[in-house]
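Report on one structure; see the data block that follows.
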Amino acid sequence: MNLWDYIYNLANIRDRITDWANGLFVGWVVYLLIALVGIVAILIFLVPSLMAFIWIERRLVGRFQVRYGPNRVGPFGILQPVADALKVLAKEALTPADADKWVFWLAPVAIFVPALLVYAVLPFGPRMSFADLNIGILYVVAISSLSAISVFMAGWSSNNKFSLLGAMRAVAQMVSYEVPMVLSILGVIMLAGSLQMSHIVQEQLDRNVWFILIQPLGFMVYFISAVAELNRTPTDIMEAESEIVAGYHTEYSGMKFSLFYLAEYTNALAVSAIISTLFFGGWGTAPILDKLPPWLWFIAKIYFFFAILVWMRGTLPRLRIDQLMGFAWKFLLPLALINLFVTGAEVLVWEEYDLAAGWIIPSMVIINFALAGILIVAWTKLFQLRRAWA
Amino acid sequence: MLADYGYVGLLLIVAILFPLSTIIISFLFRYIRVRPEKPDPVKASTYECGVEPIGPAWVQFNFRYYLYALLFVIFDVETVFLYPWAVALRQLKVFGFIEMVIFMLILVLGYIYGWKKKALEWK
(Lines give C-alpha, C1' and ligand atoms only; values in the text may rest on other atoms or scores of the structure.)
Protein backbone atom coordinates (compact mmCIF):
# COMPACT_ATOMS: atom_id res chain seq x y z
CA MET A 1 0.00 0.00 0.00
CA ASN A 2 1.30 3.42 -0.87
CA LEU A 3 0.78 6.69 0.96
CA TRP A 4 -2.41 7.57 -0.91
CA ASP A 5 -4.15 4.43 0.33
CA TYR A 6 -3.50 5.51 3.89
CA ILE A 7 -4.84 9.01 3.22
CA TYR A 8 -7.82 7.72 1.21
CA ASN A 9 -9.07 5.54 4.05
CA LEU A 10 -7.67 6.38 7.45
CA ALA A 11 -8.83 2.98 8.73
CA ASN A 12 -5.78 1.56 6.94
CA ILE A 13 -3.56 3.48 9.35
CA ARG A 14 -5.44 1.91 12.27
CA ASP A 15 -5.01 -1.55 10.73
CA ARG A 16 -1.31 -0.91 10.25
CA ILE A 17 -0.93 0.12 13.90
CA THR A 18 -2.93 -2.96 14.98
CA ASP A 19 -0.63 -5.24 12.96
CA TRP A 20 2.44 -3.57 14.39
CA ALA A 21 1.16 -3.65 17.96
CA ASN A 22 0.01 -7.27 17.77
CA GLY A 23 3.60 -8.33 17.31
CA LEU A 24 4.77 -6.46 20.37
CA PHE A 25 2.10 -6.43 23.08
CA VAL A 26 -0.57 -8.66 24.59
CA GLY A 27 -4.21 -8.35 23.53
CA TRP A 28 -5.57 -5.84 26.00
CA VAL A 29 -2.66 -3.43 25.51
CA VAL A 30 -3.38 -3.47 21.77
CA TYR A 31 -7.04 -2.85 22.53
CA LEU A 32 -6.25 0.16 24.71
CA LEU A 33 -3.76 1.46 22.16
CA ILE A 34 -6.32 1.30 19.33
CA ALA A 35 -8.90 3.01 21.53
CA LEU A 36 -6.37 5.73 22.29
CA VAL A 37 -5.63 6.19 18.58
CA GLY A 38 -9.37 6.52 17.91
CA ILE A 39 -9.92 9.02 20.72
CA VAL A 40 -6.95 11.10 19.60
CA ALA A 41 -8.31 11.02 16.03
CA ILE A 42 -11.72 12.24 17.24
CA LEU A 43 -10.11 15.06 19.22
CA ILE A 44 -7.88 16.01 16.29
CA PHE A 45 -11.01 16.37 14.21
CA LEU A 46 -13.13 17.95 16.92
CA VAL A 47 -11.00 20.67 18.49
CA PRO A 48 -9.95 22.48 15.27
CA SER A 49 -13.47 22.03 13.90
CA LEU A 50 -14.96 23.66 16.98
CA MET A 51 -12.60 26.59 16.65
CA ALA A 52 -13.37 26.84 12.95
CA PHE A 53 -17.09 26.69 13.67
CA ILE A 54 -16.94 29.46 16.24
CA TRP A 55 -14.99 31.59 13.81
CA ILE A 56 -17.27 30.76 10.84
CA GLU A 57 -20.37 31.50 12.86
CA ARG A 58 -19.15 34.84 14.16
CA ARG A 59 -17.91 35.93 10.74
CA LEU A 60 -21.07 34.83 8.93
CA VAL A 61 -23.47 36.28 11.49
CA GLY A 62 -21.42 39.47 11.35
CA ARG A 63 -21.91 39.59 7.60
CA PHE A 64 -25.64 38.86 7.93
CA GLN A 65 -25.92 41.79 10.31
CA VAL A 66 -23.89 44.08 8.01
CA ARG A 67 -20.83 44.35 10.25
CA TYR A 68 -17.36 42.84 10.10
CA GLY A 69 -17.26 40.27 12.87
CA PRO A 70 -13.91 39.42 14.48
CA ASN A 71 -11.08 40.68 12.23
CA ARG A 72 -8.28 41.80 14.56
CA VAL A 73 -6.57 38.65 15.86
CA GLY A 74 -4.61 37.03 13.06
CA PRO A 75 -5.57 37.16 9.36
CA PHE A 76 -9.35 37.63 9.02
CA GLY A 77 -9.63 37.19 12.78
CA ILE A 78 -8.94 33.48 12.43
CA LEU A 79 -7.09 33.29 15.76
CA GLN A 80 -10.02 34.84 17.66
CA PRO A 81 -11.18 31.44 19.12
CA VAL A 82 -7.64 30.84 20.45
CA ALA A 83 -7.59 34.27 22.07
CA ASP A 84 -11.04 33.65 23.54
CA ALA A 85 -9.96 30.28 24.94
CA LEU A 86 -6.97 31.87 26.67
CA LYS A 87 -9.17 34.65 27.98
CA VAL A 88 -11.78 32.38 29.58
CA LEU A 89 -9.03 30.26 31.14
CA ALA A 90 -7.70 33.35 32.89
CA LYS A 91 -11.10 34.59 34.11
CA GLU A 92 -12.12 34.59 37.74
CA ALA A 93 -14.62 31.82 38.53
CA LEU A 94 -17.55 33.08 40.56
CA THR A 95 -19.93 30.88 42.50
CA PRO A 96 -23.09 32.55 43.79
CA ALA A 97 -23.33 32.52 47.58
CA ASP A 98 -26.68 30.72 47.71
CA ALA A 99 -25.94 28.23 44.95
CA ASP A 100 -25.98 24.47 45.33
CA LYS A 101 -22.19 24.25 44.94
CA TRP A 102 -21.75 20.62 43.91
CA VAL A 103 -24.44 20.63 41.25
CA PHE A 104 -23.23 24.05 40.11
CA TRP A 105 -19.75 22.61 39.47
CA LEU A 106 -20.98 19.38 37.94
CA ALA A 107 -23.38 20.87 35.39
CA PRO A 108 -20.80 22.16 32.86
CA VAL A 109 -18.97 18.82 32.97
CA ALA A 110 -22.23 16.92 32.63
CA ILE A 111 -23.30 18.90 29.57
CA PHE A 112 -20.05 18.24 27.75
CA VAL A 113 -19.99 14.46 28.30
CA PRO A 114 -23.02 13.51 26.13
CA ALA A 115 -21.93 16.02 23.49
CA LEU A 116 -18.61 14.25 23.09
CA LEU A 117 -19.99 10.71 23.46
CA VAL A 118 -22.10 11.07 20.32
CA TYR A 119 -18.90 11.10 18.24
CA ALA A 120 -18.24 7.46 19.09
CA VAL A 121 -20.63 6.16 16.43
CA LEU A 122 -20.26 8.72 13.63
CA PRO A 123 -19.11 6.97 10.45
CA PHE A 124 -16.42 9.24 9.01
CA GLY A 125 -15.74 6.81 6.20
CA PRO A 126 -15.84 3.11 5.34
CA ARG A 127 -14.69 1.26 8.53
CA MET A 128 -13.85 4.64 10.05
CA SER A 129 -16.27 4.69 12.99
CA PHE A 130 -14.65 4.78 16.41
CA ALA A 131 -17.15 2.22 17.72
CA ASP A 132 -19.56 0.94 15.08
CA LEU A 133 -22.36 -0.05 17.48
CA ASN A 134 -25.20 -2.05 15.95
CA ILE A 135 -27.65 0.22 17.80
CA GLY A 136 -25.88 3.33 16.47
CA ILE A 137 -28.73 5.79 15.90
CA LEU A 138 -30.63 4.69 19.01
CA TYR A 139 -27.44 5.35 20.99
CA VAL A 140 -27.24 8.84 19.47
CA VAL A 141 -30.85 9.61 20.39
CA ALA A 142 -30.42 8.27 23.92
CA ILE A 143 -27.14 10.04 24.64
CA SER A 144 -28.06 13.39 23.14
CA SER A 145 -31.25 13.66 25.18
CA LEU A 146 -29.14 13.52 28.37
CA SER A 147 -28.13 17.15 27.87
CA ALA A 148 -31.60 18.24 29.07
CA ILE A 149 -30.62 16.99 32.53
CA SER A 150 -27.42 19.00 32.69
CA VAL A 151 -29.19 22.14 31.50
CA PHE A 152 -31.67 21.67 34.31
CA MET A 153 -28.85 21.04 36.80
CA ALA A 154 -27.27 24.34 35.79
CA GLY A 155 -30.51 26.27 36.05
CA TRP A 156 -31.60 24.74 39.33
CA SER A 157 -28.30 25.00 41.18
CA SER A 158 -27.71 28.68 40.38
CA ASN A 159 -30.50 29.78 42.73
CA ASN A 160 -31.42 32.51 40.29
CA LYS A 161 -34.94 33.10 39.03
CA PHE A 162 -33.77 33.76 35.50
CA SER A 163 -31.73 30.57 35.49
CA LEU A 164 -34.57 28.45 36.79
CA LEU A 165 -36.99 29.92 34.28
CA GLY A 166 -34.52 29.25 31.48
CA ALA A 167 -33.95 25.70 32.66
CA MET A 168 -37.69 24.99 32.88
CA ARG A 169 -38.18 26.33 29.39
CA ALA A 170 -35.20 24.34 28.13
CA VAL A 171 -36.49 21.06 29.50
CA ALA A 172 -40.03 21.66 28.21
CA GLN A 173 -38.71 22.51 24.76
CA MET A 174 -36.16 19.70 24.52
CA VAL A 175 -38.72 17.18 25.70
CA SER A 176 -41.32 18.40 23.19
CA TYR A 177 -38.98 18.32 20.21
CA GLU A 178 -37.59 14.94 21.21
CA VAL A 179 -40.83 13.23 20.12
CA PRO A 180 -41.02 14.39 16.46
CA MET A 181 -37.26 13.95 16.14
CA VAL A 182 -37.34 10.35 17.27
CA LEU A 183 -40.36 9.61 15.05
CA SER A 184 -38.79 11.16 11.95
CA ILE A 185 -35.69 8.98 12.23
CA LEU A 186 -37.91 5.88 12.05
CA GLY A 187 -38.51 6.36 8.33
CA VAL A 188 -34.79 6.09 7.63
CA ILE A 189 -34.48 3.04 9.88
CA MET A 190 -37.30 1.28 8.02
CA LEU A 191 -35.66 1.99 4.67
CA ALA A 192 -32.22 0.90 5.82
CA GLY A 193 -33.47 -2.00 7.95
CA SER A 194 -30.77 -1.34 10.54
CA LEU A 195 -29.81 0.97 13.38
CA GLN A 196 -26.10 0.78 12.58
CA MET A 197 -24.78 4.10 11.24
CA SER A 198 -22.34 2.56 8.75
CA HIS A 199 -25.09 0.23 7.51
CA ILE A 200 -27.45 3.14 6.94
CA VAL A 201 -24.82 4.90 4.82
CA GLN A 202 -23.92 1.71 2.94
CA GLU A 203 -27.60 1.12 2.13
CA GLN A 204 -27.86 4.56 0.55
CA LEU A 205 -24.72 3.98 -1.51
CA ASP A 206 -25.81 0.50 -2.62
CA ARG A 207 -29.16 1.75 -3.85
CA ASN A 208 -27.74 4.91 -5.40
CA VAL A 209 -30.24 7.10 -3.60
CA TRP A 210 -29.79 9.52 -0.73
CA PHE A 211 -32.60 9.13 1.79
CA ILE A 212 -33.44 12.85 1.53
CA LEU A 213 -35.05 11.96 -1.81
CA ILE A 214 -37.28 9.24 -0.32
CA GLN A 215 -37.77 11.01 3.02
CA PRO A 216 -38.27 14.73 2.32
CA LEU A 217 -40.88 15.06 5.06
CA GLY A 218 -38.80 13.08 7.53
CA PHE A 219 -35.82 15.28 6.74
CA MET A 220 -37.81 18.45 7.29
CA VAL A 221 -39.16 17.26 10.64
CA TYR A 222 -35.77 15.97 11.76
CA PHE A 223 -33.94 19.11 10.72
CA ILE A 224 -36.33 21.48 12.51
CA SER A 225 -36.52 19.45 15.70
CA ALA A 226 -32.77 18.83 15.80
CA VAL A 227 -32.14 22.56 15.42
CA ALA A 228 -34.67 23.20 18.19
CA GLU A 229 -32.80 20.76 20.46
CA LEU A 230 -29.58 22.68 19.83
CA ASN A 231 -30.97 25.79 21.59
CA ARG A 232 -29.72 28.09 18.86
CA THR A 233 -31.26 31.38 17.93
CA PRO A 234 -34.60 30.72 16.22
CA THR A 235 -35.53 28.55 19.19
CA ASP A 236 -33.33 29.78 22.04
CA ILE A 237 -36.13 30.78 24.42
CA MET A 238 -34.15 29.31 27.32
CA GLU A 239 -31.41 31.91 26.97
CA ALA A 240 -33.39 34.74 25.43
CA GLU A 241 -31.31 37.81 26.30
CA SER A 242 -34.21 40.21 26.05
CA GLU A 243 -36.35 38.23 28.49
CA ILE A 244 -34.27 36.23 30.98
CA VAL A 245 -30.71 37.66 30.75
CA ALA A 246 -28.85 34.50 29.70
CA GLY A 247 -31.18 31.76 30.87
CA TYR A 248 -29.67 28.76 32.57
CA HIS A 249 -26.08 30.01 32.46
CA THR A 250 -26.69 33.49 33.85
CA GLU A 251 -24.54 32.83 36.92
CA TYR A 252 -21.70 31.04 35.13
CA SER A 253 -18.41 32.71 34.32
CA GLY A 254 -14.95 31.83 33.06
CA MET A 255 -14.17 28.29 32.02
CA LYS A 256 -17.48 26.89 33.25
CA PHE A 257 -19.39 29.25 31.01
CA SER A 258 -17.21 28.41 28.04
CA LEU A 259 -17.93 24.69 28.53
CA PHE A 260 -21.61 25.42 27.92
CA TYR A 261 -20.60 27.40 24.87
CA LEU A 262 -18.35 24.61 23.60
CA ALA A 263 -20.99 21.96 24.22
CA GLU A 264 -23.43 23.94 22.09
CA TYR A 265 -21.03 23.91 19.16
CA THR A 266 -20.10 20.27 19.73
CA ASN A 267 -23.80 19.43 19.52
CA ALA A 268 -24.23 21.54 16.39
CA LEU A 269 -21.34 19.67 14.78
CA ALA A 270 -22.85 16.33 15.80
CA VAL A 271 -26.28 17.26 14.42
CA SER A 272 -24.76 18.32 11.10
CA ALA A 273 -22.92 15.00 10.99
CA ILE A 274 -26.06 12.99 11.78
CA ILE A 275 -28.09 14.84 9.15
CA SER A 276 -25.46 14.06 6.52
CA THR A 277 -25.28 10.43 7.66
CA LEU A 278 -29.01 9.74 7.71
CA PHE A 279 -30.21 11.77 4.76
CA PHE A 280 -27.25 12.76 2.58
CA GLY A 281 -25.32 9.57 2.08
CA GLY A 282 -22.67 10.08 4.77
CA TRP A 283 -19.25 9.59 3.21
CA GLY A 284 -20.80 9.04 -0.26
CA THR A 285 -19.02 10.90 -3.03
CA ALA A 286 -20.21 12.78 -6.08
CA PRO A 287 -19.45 10.88 -9.31
CA ILE A 288 -16.93 13.34 -10.77
CA LEU A 289 -14.86 13.97 -7.65
CA ASP A 290 -14.73 10.41 -6.31
CA LYS A 291 -10.94 10.54 -6.25
CA LEU A 292 -11.17 12.57 -3.05
CA PRO A 293 -11.16 10.58 0.22
CA PRO A 294 -14.63 9.68 1.59
CA TRP A 295 -13.93 11.26 5.00
CA LEU A 296 -13.23 14.57 3.27
CA TRP A 297 -16.68 14.38 1.70
CA PHE A 298 -18.23 13.70 5.05
CA ILE A 299 -16.49 16.68 6.63
CA ALA A 300 -17.48 18.88 3.69
CA LYS A 301 -21.13 17.89 4.22
CA ILE A 302 -20.85 18.66 7.95
CA TYR A 303 -19.53 22.13 7.19
CA PHE A 304 -22.26 22.69 4.62
CA PHE A 305 -25.00 21.90 7.13
CA PHE A 306 -23.36 23.99 9.78
CA ALA A 307 -23.40 26.92 7.34
CA ILE A 308 -27.15 26.35 6.94
CA LEU A 309 -27.56 26.41 10.74
CA VAL A 310 -25.73 29.74 10.86
CA TRP A 311 -27.89 31.01 8.02
CA MET A 312 -31.04 30.12 9.97
CA ARG A 313 -29.63 31.86 13.02
CA GLY A 314 -28.93 34.99 11.02
CA THR A 315 -32.32 35.04 9.31
CA LEU A 316 -35.06 33.90 11.66
CA PRO A 317 -36.36 35.83 14.67
CA ARG A 318 -36.87 34.14 18.04
CA LEU A 319 -40.17 32.31 18.52
CA ARG A 320 -42.45 32.79 21.50
CA ILE A 321 -42.74 29.82 23.88
CA ASP A 322 -46.40 29.04 23.06
CA GLN A 323 -45.62 29.17 19.33
CA LEU A 324 -42.64 26.91 19.83
CA MET A 325 -44.52 24.29 21.82
CA GLY A 326 -47.52 24.43 19.52
CA PHE A 327 -45.24 23.94 16.53
CA ALA A 328 -43.75 20.77 18.02
CA TRP A 329 -47.01 19.17 19.17
CA LYS A 330 -49.48 20.33 16.52
CA PHE A 331 -47.37 20.66 13.40
CA LEU A 332 -44.30 18.42 13.51
CA LEU A 333 -45.77 15.48 15.45
CA PRO A 334 -48.75 14.77 13.11
CA LEU A 335 -46.52 15.15 10.06
CA ALA A 336 -43.99 12.74 11.55
CA LEU A 337 -46.77 10.21 12.25
CA ILE A 338 -48.11 10.45 8.69
CA ASN A 339 -44.59 10.10 7.37
CA LEU A 340 -44.17 6.97 9.49
CA PHE A 341 -47.29 5.30 8.07
CA VAL A 342 -46.54 6.24 4.46
CA THR A 343 -42.94 5.10 4.64
CA GLY A 344 -43.96 1.83 6.26
CA ALA A 345 -46.40 1.10 3.43
CA GLU A 346 -43.80 2.04 0.84
CA VAL A 347 -41.16 -0.20 2.36
CA LEU A 348 -43.63 -3.09 2.18
CA VAL A 349 -44.33 -2.35 -1.51
CA TRP A 350 -40.61 -2.10 -2.11
CA GLU A 351 -40.08 -5.44 -0.38
CA GLU A 352 -42.97 -7.12 -2.22
CA TYR A 353 -41.76 -6.26 -5.72
CA ASP A 354 -38.30 -6.75 -7.06
CA LEU A 355 -35.85 -4.52 -5.24
CA ALA A 356 -33.92 -3.93 -8.43
CA ALA A 357 -36.98 -2.77 -10.37
CA GLY A 358 -36.06 0.60 -11.85
CA TRP A 359 -39.44 2.26 -11.35
CA ILE A 360 -39.78 1.84 -7.61
CA ILE A 361 -37.36 4.47 -6.37
CA PRO A 362 -38.32 7.24 -8.86
CA SER A 363 -42.02 6.75 -8.14
CA MET A 364 -41.34 6.82 -4.39
CA VAL A 365 -39.39 10.04 -4.81
CA ILE A 366 -42.21 11.69 -6.78
CA ILE A 367 -44.97 10.49 -4.42
CA ASN A 368 -43.10 11.53 -1.29
CA PHE A 369 -42.15 14.97 -2.54
CA ALA A 370 -45.73 15.63 -3.67
CA LEU A 371 -47.05 14.38 -0.33
CA ALA A 372 -44.60 16.48 1.63
CA GLY A 373 -45.54 19.60 -0.31
CA ILE A 374 -49.29 19.01 0.00
CA LEU A 375 -49.10 18.19 3.71
CA ILE A 376 -46.96 21.16 4.65
CA VAL A 377 -49.13 23.60 2.70
CA ALA A 378 -52.39 22.05 3.96
CA TRP A 379 -51.28 22.01 7.60
CA THR A 380 -50.12 25.61 7.40
CA LYS A 381 -53.49 26.64 5.89
CA LEU A 382 -55.29 24.77 8.66
CA PHE A 383 -53.44 26.79 11.27
CA GLN A 384 -54.24 30.05 9.53
CA LEU A 385 -57.94 29.11 9.41
CA ARG A 386 -57.97 28.28 13.13
CA ARG A 387 -56.36 31.60 13.92
CA ALA A 388 -58.98 33.40 11.81
CA TRP A 389 -61.76 31.73 13.80
CA ALA A 390 -60.27 32.39 17.15
CA MET B 1 -19.44 -6.38 19.29
CA LEU B 2 -18.83 -6.08 23.04
CA ALA B 3 -15.42 -4.65 22.23
CA ASP B 4 -17.17 -1.66 20.65
CA TYR B 5 -19.00 -0.93 23.89
CA GLY B 6 -15.64 -1.00 25.61
CA TYR B 7 -14.51 1.75 23.24
CA VAL B 8 -17.55 3.80 24.21
CA GLY B 9 -16.65 3.31 27.87
CA LEU B 10 -13.10 4.52 27.24
CA LEU B 11 -14.45 7.53 25.37
CA LEU B 12 -16.71 8.22 28.35
CA ILE B 13 -13.64 8.44 30.60
CA VAL B 14 -12.00 10.90 28.20
CA ALA B 15 -15.26 12.83 27.88
CA ILE B 16 -15.32 13.29 31.65
CA LEU B 17 -11.61 14.12 31.91
CA PHE B 18 -11.62 16.69 29.10
CA PRO B 19 -13.98 19.27 30.68
CA LEU B 20 -12.63 18.50 34.18
CA SER B 21 -9.07 19.17 33.04
CA THR B 22 -10.03 22.54 31.53
CA ILE B 23 -11.64 23.56 34.82
CA ILE B 24 -8.62 22.33 36.77
CA ILE B 25 -6.18 24.16 34.47
CA SER B 26 -8.19 27.32 34.96
CA PHE B 27 -8.08 26.68 38.72
CA LEU B 28 -4.30 26.20 38.65
CA PHE B 29 -3.86 29.48 36.79
CA ARG B 30 -4.60 31.13 40.10
CA TYR B 31 -1.24 30.00 41.49
CA ILE B 32 0.82 31.46 38.65
CA ARG B 33 -1.11 34.70 39.09
CA VAL B 34 -2.77 34.59 35.68
CA ARG B 35 -6.25 34.31 37.10
CA PRO B 36 -7.44 36.86 39.66
CA GLU B 37 -9.14 35.70 42.84
CA LYS B 38 -10.71 38.56 44.72
CA PRO B 39 -13.85 37.33 46.45
CA ASP B 40 -16.47 39.92 47.31
CA PRO B 41 -19.97 39.52 48.75
CA VAL B 42 -21.40 41.70 45.98
CA LYS B 43 -19.82 39.52 43.29
CA ALA B 44 -21.20 36.39 44.90
CA SER B 45 -24.73 37.73 45.19
CA THR B 46 -27.45 36.49 42.85
CA TYR B 47 -27.65 38.44 39.62
CA GLU B 48 -31.03 40.05 39.10
CA CYS B 49 -30.15 43.06 36.99
CA GLY B 50 -28.87 44.99 40.00
CA VAL B 51 -32.00 44.69 42.11
CA GLU B 52 -31.82 42.95 45.51
CA PRO B 53 -33.30 39.47 45.04
CA ILE B 54 -36.46 38.81 47.04
CA GLY B 55 -36.82 35.33 48.52
CA PRO B 56 -35.29 32.10 47.17
CA ALA B 57 -35.41 31.24 43.45
CA TRP B 58 -36.79 27.76 44.07
CA VAL B 59 -40.43 28.72 43.73
CA GLN B 60 -43.61 27.06 42.53
CA PHE B 61 -43.93 26.65 38.80
CA ASN B 62 -46.60 26.71 36.14
CA PHE B 63 -48.37 23.36 35.84
CA ARG B 64 -47.98 23.45 32.01
CA TYR B 65 -44.39 22.21 32.24
CA TYR B 66 -45.40 19.01 34.00
CA LEU B 67 -48.25 18.36 31.57
CA TYR B 68 -45.78 18.46 28.68
CA ALA B 69 -43.47 16.13 30.57
CA LEU B 70 -46.36 13.65 30.97
CA LEU B 71 -47.20 13.84 27.26
CA PHE B 72 -43.53 13.31 26.47
CA VAL B 73 -43.32 10.16 28.57
CA ILE B 74 -46.36 8.65 26.81
CA PHE B 75 -45.06 9.38 23.32
CA ASP B 76 -41.45 8.50 24.01
CA VAL B 77 -42.23 5.11 25.49
CA GLU B 78 -44.30 4.38 22.41
CA THR B 79 -41.50 5.40 20.02
CA VAL B 80 -39.08 3.15 21.86
CA PHE B 81 -41.44 0.28 20.99
CA LEU B 82 -41.36 1.41 17.37
CA TYR B 83 -37.57 1.16 16.98
CA PRO B 84 -37.24 -2.65 16.98
CA TRP B 85 -40.38 -2.84 14.85
CA ALA B 86 -38.86 -0.51 12.24
CA VAL B 87 -35.70 -2.63 12.02
CA ALA B 88 -37.68 -5.84 11.57
CA LEU B 89 -40.43 -4.46 9.29
CA ARG B 90 -39.06 -6.22 6.18
CA GLN B 91 -39.43 -9.60 7.87
CA LEU B 92 -42.75 -8.84 9.57
CA LYS B 93 -44.42 -7.93 6.24
CA VAL B 94 -48.06 -6.72 6.11
CA PHE B 95 -49.05 -8.40 9.40
CA GLY B 96 -46.51 -6.41 11.40
CA PHE B 97 -47.52 -3.22 9.64
CA ILE B 98 -51.23 -3.63 10.47
CA GLU B 99 -50.38 -4.49 14.07
CA MET B 100 -48.44 -1.27 14.37
CA VAL B 101 -51.20 0.76 12.69
CA ILE B 102 -53.65 -0.50 15.35
CA PHE B 103 -51.15 0.27 18.12
CA MET B 104 -50.61 3.77 16.77
CA LEU B 105 -54.32 4.44 16.22
CA ILE B 106 -55.00 3.93 19.92
CA LEU B 107 -52.34 6.50 20.69
CA VAL B 108 -53.58 8.89 17.99
CA LEU B 109 -57.07 8.72 19.51
CA GLY B 110 -55.64 9.86 22.82
CA TYR B 111 -53.67 12.55 21.03
CA ILE B 112 -56.80 13.90 19.28
CA TYR B 113 -58.67 13.82 22.63
CA GLY B 114 -55.85 15.78 24.23
CA TRP B 115 -55.88 18.30 21.40
CA LYS B 116 -59.67 18.77 21.76
CA LYS B 117 -59.29 19.15 25.54
CA LYS B 118 -56.70 21.89 24.81
CA ALA B 119 -53.96 19.97 26.62
CA LEU B 120 -51.54 21.09 23.90
CA GLU B 121 -52.19 24.82 24.36
CA TRP B 122 -49.64 26.89 26.26
CA LYS B 123 -51.49 29.26 28.56
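Ligands are numbered from 1 in the order shown, residues from 1 within each chain, and chains are lettered A, B, ... in the order they appear in the C-alpha coordinates.
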Residue contacts of A:Val151 (12 Å, only C-alpha atoms) excluding same-chain residues fewer than 6 positions away, as a count of residues only
38
Long-range neighbours of A:Gly281 as a ChimeraX atom specification, 6 Å cut-off, only C-alpha atoms, 3 positions minimum in chain
/A:201,204,210,277,284
Write to file, as a PDB file, in the first residue's frame, the residues of the selection just made, with all heavy atoms.
```
ATOM      1  N   VAL A 201     -25.526   4.238   5.919  1.00  0.00           N
ATOM      2  CA  VAL A 201     -24.820   4.900   4.818  1.00  0.00           C
ATOM      3  C   VAL A 201     -24.625   3.930   3.658  1.00  0.00           C
ATOM      4  O   VAL A 201     -24.871   4.262   2.493  1.00  0.00           O
ATOM      5  CB  VAL A 201     -23.466   5.440   5.312  1.00  0.00           C
ATOM      6  CG1 VAL A 201     -22.682   6.011   4.163  1.00  0.00           C
ATOM      7  CG2 VAL A 201     -23.669   6.488   6.367  1.00  0.00           C
ATOM      8  N   GLN A 204     -27.625   3.454   1.492  1.00  0.00           N
ATOM      9  CA  GLN A 204     -27.861   4.559   0.550  1.00  0.00           C
ATOM     10  C   GLN A 204     -26.935   4.466  -0.644  1.00  0.00           C
ATOM     11  O   GLN A 204     -27.332   4.734  -1.781  1.00  0.00           O
ATOM     12  CB  GLN A 204     -27.643   5.902   1.256  1.00  0.00           C
ATOM     13  CG  GLN A 204     -28.579   6.127   2.403  1.00  0.00           C
ATOM     14  CD  GLN A 204     -28.313   7.440   3.105  1.00  0.00           C
ATOM     15  OE1 GLN A 204     -28.317   8.492   2.500  1.00  0.00           O
ATOM     16  NE2 GLN A 204     -28.070   7.377   4.395  1.00  0.00           N
ATOM     17  N   TRP A 210     -29.883   8.937  -2.061  1.00  0.00           N
ATOM     18  CA  TRP A 210     -29.794   9.518  -0.727  1.00  0.00           C
ATOM     19  C   TRP A 210     -31.182   9.529  -0.125  1.00  0.00           C
ATOM     20  O   TRP A 210     -32.161   9.805  -0.818  1.00  0.00           O
ATOM     21  CB  TRP A 210     -29.242  10.946  -0.814  1.00  0.00           C
ATOM     22  CG  TRP A 210     -27.792  10.992  -1.124  1.00  0.00           C
ATOM     23  CD1 TRP A 210     -26.952   9.937  -1.256  1.00  0.00           C
ATOM     24  CD2 TRP A 210     -27.008  12.161  -1.359  1.00  0.00           C
ATOM     25  NE1 TRP A 210     -25.688  10.374  -1.545  1.00  0.00           N
ATOM     26  CE2 TRP A 210     -25.692  11.727  -1.611  1.00  0.00           C
ATOM     27  CE3 TRP A 210     -27.289  13.528  -1.356  1.00  0.00           C
ATOM     28  CZ2 TRP A 210     -24.660  12.620  -1.871  1.00  0.00           C
ATOM     29  CZ3 TRP A 210     -26.265  14.414  -1.614  1.00  0.00           C
ATOM     30  CH2 TRP A 210     -24.959  13.966  -1.865  1.00  0.00           C
ATOM     31  N   THR A 277     -25.316  11.902   7.664  1.00  0.00           N
ATOM     32  CA  THR A 277     -25.285  10.434   7.664  1.00  0.00           C
ATOM     33  C   THR A 277     -26.636   9.856   7.274  1.00  0.00           C
ATOM     34  O   THR A 277     -26.713   8.960   6.434  1.00  0.00           O
ATOM     35  CB  THR A 277     -24.925   9.921   9.070  1.00  0.00           C
ATOM     36  OG1 THR A 277     -23.753  10.560   9.480  1.00  0.00           O
ATOM     37  CG2 THR A 277     -24.723   8.430   9.061  1.00  0.00           C
ATOM     38  N   GLY A 284     -20.605   9.252   1.174  1.00  0.00           N
ATOM     39  CA  GLY A 284     -20.795   9.044  -0.262  1.00  0.00           C
ATOM     40  C   GLY A 284     -20.265  10.203  -1.079  1.00  0.00           C
ATOM     41  O   GLY A 284     -20.376  11.361  -0.688  1.00  0.00           O
TER      42      GLY A 284
END
```
Distance query B:Ala44 at most 10 Å, only C-alpha atoms, self and fewer than 2 positions along chain excluded, as JSON, numbers by chain:
{"A": [94, 95, 96, 97, 98, 99, 251], "B": [39, 40, 41, 42, 46, 47]}
Within 7 Å of chain A, which residues belong to chain B? Use only C-alpha atoms and report them as JSON, numbers by chain.
{"B": [4, 7, 8, 11, 12, 15, 16, 19, 20, 23, 26, 29, 34, 35, 36, 37, 44, 45, 46, 47, 56, 57, 58, 65, 68, 69, 72, 75, 76, 79, 83, 86, 87, 88, 89, 90, 93, 94, 120, 121, 122]}
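Taking only C-alpha atoms into account, B:Met104 lies nearest to B:Phe81 out of the set B:Gly50, B:Phe81, B:Arg30, B:Leu71.
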